[in-house]
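Novice: So here's upload24.csv (CSV, C-alpha atoms).
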chain,number,residue,atom,x,y,z
C,904,MET,CA,52.6,44.0,-66.7
C,905,GLU,CA,50.7,41.1,-65.0
C,906,PRO,CA,50.3,37.9,-67.0
C,907,PRO,CA,46.7,37.2,-68.3
C,908,ASP,CA,44.5,34.7,-66.5
C,909,ALA,CA,44.9,32.1,-69.3
C,910,SER,CA,48.7,32.2,-69.0
C,911,LEU,CA,48.5,31.7,-65.2
C,912,ALA,CA,45.9,28.9,-65.6
C,913,GLU,CA,48.1,27.1,-68.1
C,914,ARG,CA,51.1,27.4,-65.8
C,915,ALA,CA,48.9,26.2,-62.9
C,916,LEU,CA,47.8,23.2,-65.0
C,917,ALA,CA,51.4,22.4,-65.6
C,918,GLY,CA,51.9,22.3,-61.8
C,919,SER,CA,52.9,25.8,-60.8
C,920,ASP,CA,51.7,26.5,-57.3
C,921,ASP,CA,52.9,30.1,-57.7
C,922,ALA,CA,50.7,30.6,-60.8
C,923,PHE,CA,47.7,29.2,-58.9
C,924,GLY,CA,48.5,31.5,-56.0
C,925,GLN,CA,48.5,34.5,-58.3
C,926,LEU,CA,45.0,33.4,-59.6
C,927,VAL,CA,43.8,33.2,-56.0
C,928,THR,CA,45.1,36.6,-55.2
C,929,ARG,CA,43.6,38.1,-58.4
C,930,HIS,CA,40.1,36.6,-58.0
C,931,GLN,CA,39.5,36.1,-54.2
C,932,ASN,CA,38.0,39.5,-53.6
C,933,GLU,CA,35.4,39.3,-56.4
C,934,ILE,CA,34.6,35.7,-55.4
C,935,TYR,CA,34.1,36.8,-51.8
C,936,ALA,CA,31.9,39.8,-52.9
C,937,TYR,CA,29.8,37.4,-55.0
C,938,VAL,CA,29.4,34.8,-52.2
C,939,PHE,CA,28.7,37.5,-49.6
C,940,ARG,CA,26.0,39.0,-51.7
C,941,MET,CA,24.4,35.6,-52.3
C,942,ILE,CA,24.4,34.4,-48.7
C,943,GLY,CA,24.6,37.6,-46.5
C,944,ASP,CA,27.0,36.1,-43.9
C,945,ALA,CA,30.5,37.5,-43.9
C,946,HIS,CA,32.1,34.7,-41.9
C,947,ALA,CA,30.5,31.9,-43.9
C,948,ALA,CA,31.5,33.7,-47.1
C,949,CYS,CA,35.1,33.6,-46.0
C,950,ASP,CA,34.8,29.9,-45.4
C,951,ILE,CA,33.1,29.3,-48.7
C,952,VAL,CA,35.8,31.3,-50.6
C,953,GLN,CA,38.5,29.1,-49.0
C,954,THR,CA,36.5,26.0,-50.1
C,955,VAL,CA,36.1,27.4,-53.6
C,956,PHE,CA,39.9,27.7,-54.1
C,957,VAL,CA,40.7,24.4,-52.4
C,958,ARG,CA,38.2,22.7,-54.8
C,959,ALA,CA,39.6,24.6,-57.7
C,960,TYR,CA,43.1,23.5,-56.9
C,961,ARG,CA,42.0,19.9,-56.5
C,962,SER,CA,40.0,20.0,-59.7
C,963,LEU,CA,42.4,22.0,-61.9
C,964,SER,CA,42.9,19.0,-64.2
C,965,GLN,CA,39.1,19.3,-65.1
C,966,LEU,CA,39.6,22.9,-66.5
C,967,ARG,CA,39.0,22.5,-70.2
C,968,ASP,CA,39.8,26.0,-71.4
C,969,PRO,CA,42.4,28.0,-69.4
C,970,GLY,CA,41.0,31.2,-71.0
C,971,LYS,CA,37.8,30.6,-69.0
C,972,ILE,CA,39.3,30.3,-65.6
C,973,ARG,CA,37.2,33.2,-64.2
C,974,PRO,CA,33.8,31.8,-65.1
C,975,TRP,CA,35.1,28.3,-64.0
C,976,LEU,CA,35.9,29.8,-60.5
C,977,PHE,CA,32.6,31.5,-60.4
C,978,ALA,CA,30.9,28.2,-61.3
C,979,ILE,CA,32.5,26.6,-58.2
C,980,ALA,CA,31.5,29.6,-56.1
C,981,VAL,CA,27.9,29.5,-57.4
C,982,ASN,CA,27.6,25.8,-56.4
C,983,GLN,CA,29.2,26.4,-53.0
C,984,ALA,CA,26.8,29.3,-52.3
C,985,ARG,CA,23.8,27.2,-53.5
C,986,ASN,CA,24.9,24.4,-51.2
C,987,TRP,CA,25.2,26.7,-48.2
C,988,LEU,CA,21.8,28.3,-48.9
C,989,SER,CA,20.1,24.9,-49.2
C,990,ARG,CA,21.4,24.0,-45.7
C,991,ARG,CA,20.7,27.4,-44.0
C,992,ARG,CA,18.5,30.4,-44.2
C,993,PRO,CA,20.2,33.5,-45.6
C,994,VAL,CA,20.6,36.5,-43.4
C,995,PRO,CA,17.7,38.9,-44.2
C,996,ALA,CA,18.8,42.0,-46.0
C,997,SER,CA,17.9,45.4,-44.6
C,998,MET,CA,18.9,48.8,-45.8
C,999,GLU,CA,20.5,49.5,-42.4
C,1000,ARG,CA,23.0,46.6,-42.6
C,1001,ALA,CA,23.2,46.2,-46.4
C,1002,ASP,CA,26.9,47.3,-46.4
C,1003,ASP,CA,28.0,46.8,-42.8
C,1004,ASP,CA,30.1,43.7,-43.5
C,1005,ASP,CA,30.5,44.1,-47.3
C,1006,PRO,CA,33.6,46.0,-48.2
C,1007,SER,CA,32.4,46.1,-51.9
C,1008,ALA,CA,28.8,47.1,-51.3
C,1009,GLY,CA,29.0,50.1,-53.5
C,1010,GLN,CA,30.9,48.3,-56.3
C,1011,GLY,CA,29.5,49.3,-59.7
C,1012,VAL,CA,28.3,52.7,-58.4
C,1013,PRO,CA,30.3,55.8,-59.3
C,1014,ASP,CA,32.5,57.1,-56.6
C,1015,PRO,CA,30.4,59.7,-54.8
C,1016,SER,CA,33.5,61.7,-53.8
C,1017,LEU,CA,33.7,62.8,-57.4
C,1018,TRP,CA,30.5,64.9,-57.0
C,1019,ALA,CA,30.8,68.3,-55.4
C,1020,SER,CA,27.5,68.5,-53.4
C,1021,PRO,CA,27.3,66.8,-50.0
C,1022,ASP,CA,23.6,66.1,-50.8
C,1023,ALA,CA,24.7,64.3,-54.0
C,1024,VAL,CA,27.2,62.2,-52.0
C,1025,TYR,CA,24.5,61.2,-49.5
C,1026,ALA,CA,22.0,60.4,-52.2
C,1027,ALA,CA,24.5,58.2,-54.0
C,1028,ALA,CA,25.4,56.3,-50.9
C,1029,GLU,CA,21.7,55.9,-50.1
C,1030,LEU,CA,21.0,54.7,-53.6
C,1031,ALA,CA,23.9,52.2,-53.5
C,1032,THR,CA,22.5,50.8,-50.2
C,1033,MET,CA,19.0,50.5,-51.8
C,1034,ILE,CA,20.5,48.6,-54.8
C,1035,VAL,CA,22.3,46.2,-52.5
C,1036,ALA,CA,19.2,45.6,-50.5
C,1037,ALA,CA,17.1,45.2,-53.6
C,1038,ILE,CA,19.5,42.6,-55.1
C,1039,HIS,CA,19.6,40.7,-51.8
C,1040,SER,CA,15.8,40.6,-51.7
C,1041,LEU,CA,15.7,38.7,-55.1
C,1042,ALA,CA,15.1,34.9,-55.2
C,1043,ALA,CA,18.5,33.1,-55.4
C,1044,THR,CA,17.9,32.3,-59.1
C,1045,TYR,CA,17.8,36.0,-60.0
C,1046,ARG,CA,20.2,37.2,-57.3
C,1047,GLU,CA,22.9,35.0,-58.9
C,1048,VAL,CA,22.6,36.7,-62.3
C,1049,ALA,CA,22.1,40.2,-60.9
C,1050,VAL,CA,25.2,40.0,-58.8
C,1051,LEU,CA,27.3,38.6,-61.6
C,1052,ARG,CA,25.9,40.9,-64.3
C,1053,PHE,CA,25.3,44.2,-62.6
C,1054,GLN,CA,27.9,44.2,-59.8
C,1055,HIS,CA,30.7,42.2,-61.3
C,1056,GLN,CA,30.0,43.4,-64.9
C,1057,MET,CA,30.4,39.8,-66.1
C,1058,PRO,CA,29.3,39.2,-69.8
C,1059,VAL,CA,26.2,37.0,-70.3
C,1060,GLY,CA,28.3,34.3,-71.9
C,1061,GLN,CA,30.5,34.0,-68.9
C,1062,ILE,CA,27.5,34.0,-66.6
C,1063,ALA,CA,26.0,31.2,-68.6
C,1064,THR,CA,29.3,29.2,-68.2
C,1065,ALA,CA,29.4,29.9,-64.5
C,1066,LEU,CA,25.8,28.8,-63.9
C,1067,GLY,CA,25.8,25.9,-66.3
C,1068,LEU,CA,23.0,27.4,-68.4
C,1069,GLY,CA,22.5,28.1,-72.0
C,1070,PHE,CA,23.0,31.6,-73.4
C,1071,SER,CA,19.3,32.3,-74.1
C,1072,ALA,CA,18.3,31.1,-70.6
C,1073,THR,CA,20.9,33.3,-69.0
C,1074,GLU,CA,19.8,36.3,-71.1
C,1075,SER,CA,16.2,35.6,-70.0
C,1076,ARG,CA,17.2,35.5,-66.3
C,1077,VAL,CA,19.2,38.7,-66.6
C,1078,ARG,CA,16.2,40.5,-68.2
C,1079,ARG,CA,13.9,39.2,-65.5
C,1080,ALA,CA,16.3,40.1,-62.7
C,1081,LYS,CA,16.6,43.6,-64.2
C,1082,ALA,CA,12.8,44.0,-64.3
C,1083,LEU,CA,12.4,42.7,-60.8
C,1084,LEU,CA,15.1,45.1,-59.6
C,1085,ARG,CA,13.5,48.0,-61.4
C,1086,ALA,CA,10.2,47.3,-59.8
C,1087,LYS,CA,11.7,46.8,-56.3
C,1088,LEU,CA,13.7,50.0,-56.6
C,1089,ALA,CA,10.7,51.9,-57.8
C,1090,THR,CA,8.8,50.7,-54.7
C,1091,MET,CA,11.7,51.6,-52.4
C,1092,LEU,CA,12.2,55.0,-53.9
C,1093,SER,CA,8.4,55.8,-53.7
C,1094,ASP,CA,8.5,54.9,-50.0
C,1095,THR,CA,11.2,57.4,-49.2
Can the structure in the file be given as structure tokens, please?
Specialist:
Amino acid sequence: MEPPDASLAERALAGSDDAFGQLVTRHQNEIYAYVFRMIGDAHAACDIVQTVFVRAYRSLSQLRDPGKIRPWLFAIAVNQARNWLSRRRPVPASMERADDDDPSAGQGVPDPSLWASPDAVYAAAELATMIVAAIHSLAATYREVAVLRFQHQMPVGQIATALGLGFSATESRVRRAKALLRAKLATMLSDT
């Protein structure tokens, strides 16, 4: 059984490089998926993820609650993605390339291979691609919460911590992002 994040974080705070390495291994893929979805550039996302963990390692002494290591890492990732976006234009999303570089593009969507019909498999893959494109089309403010809530299934409280917002403000952004996604997907589905 793997040790919980809080235990690894406590050991890392005590100076264990091995414990920090386990945290990196445990969270690097989801941090990459978040950053990629925010900026749309696979190579830059790899660089940003590396920066996230270097900054986390250097700032480990600032971690107040070892039980909140995951939202703390996401907070660093959010800031790094925001910095990158403020310096560069994001790669435009298109349905044709929505999951070309993103190994986790269908994350949060049921595995289509569980369905018997080839038509259902195709429809599920097409819907997953539309969802990724719709999320990527949102303004960064709403894309942040949409990716964290709907693709990473992060609780609103952890999102609030990661973004440095209050709980109510985060709930409001999640609701607005959901409404924007619903409208965008309705438009996309009516165009098909």
Novice: Write out as a list in words each polymer residue whose atoms come within 10 Å of Ala978 (chain C), counting all atoms listed in the file; drop sequence neighbours fewer than 3 positions from it.
Specialist: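 Answer for this query is Val955, Ile972, Arg973, Pro974, Trp975, Val981, Asn982, Gln983, Ala984, Gln1061, Ile1062, Ala1063, Thr1064, Ala1065, Leu1066 and Gly1067 of chain C.
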Novice: What does the distance from CA of Ala915 (chain C) to CA of Gln931 (chain C) come to in Å, to one decimal?
Specialist: 16.2 Å
Novice: For region 938-942 of chain C, list every protein, DNA or RNA residue within 8 Å, evaluated using only C-alpha atoms, and leave out those in the same chain fewer than 3 positions away; present the list as a list in words.
Specialist: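 So, after excluding close chain neighbours, the residues are Ile934, Tyr935, Ala945, Ala948, Ile951, Val952, Ala980, Val981, Ala984, Trp987, Leu988, Pro993, Val994, Asp1005, His1039, Ala1043, Arg1046, Glu1047 and Val1050 of chain C.
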Novice: Point out the residue among C:Leu1088, C:Leu1068, C:Asp921, C:Ala1049 with the least atom-to-atom distance to Glu1029 (chain C), counting only C-alpha atoms.
Specialist: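 Closest candidate: C:Leu1088.
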Novice: When distances are computed from all atoms listed in the file, which of C:Ala917, C:Ser964, C:Asp950, C:Leu1051 shows the smallest separation from Phe977 (chain C)?
Specialist: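 The closest residue to Phe977 (chain C) is C:Leu1051.
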Novice: Residues near Leu1092 (chain C), anyone? I mean within 10 Å using only C-alpha atoms, not counting same-chain ones fewer than 5 positions away, as a PDB file with C-alpha atoms, in the coordinates of the input.
Specialist:
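Saved result, selection.pdb, follows:
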ATOM      1  CA  LEU C1030      21.000  54.700 -53.600  1.00  0.00           C
ATOM      2  CA  MET C1033      19.000  50.500 -51.800  1.00  0.00           C
ATOM      3  CA  ALA C1086      10.200  47.300 -59.800  1.00  0.00           C
ATOM      4  CA  LYS C1087      11.700  46.800 -56.300  1.00  0.00           C
TER       5      LYS C1087
END
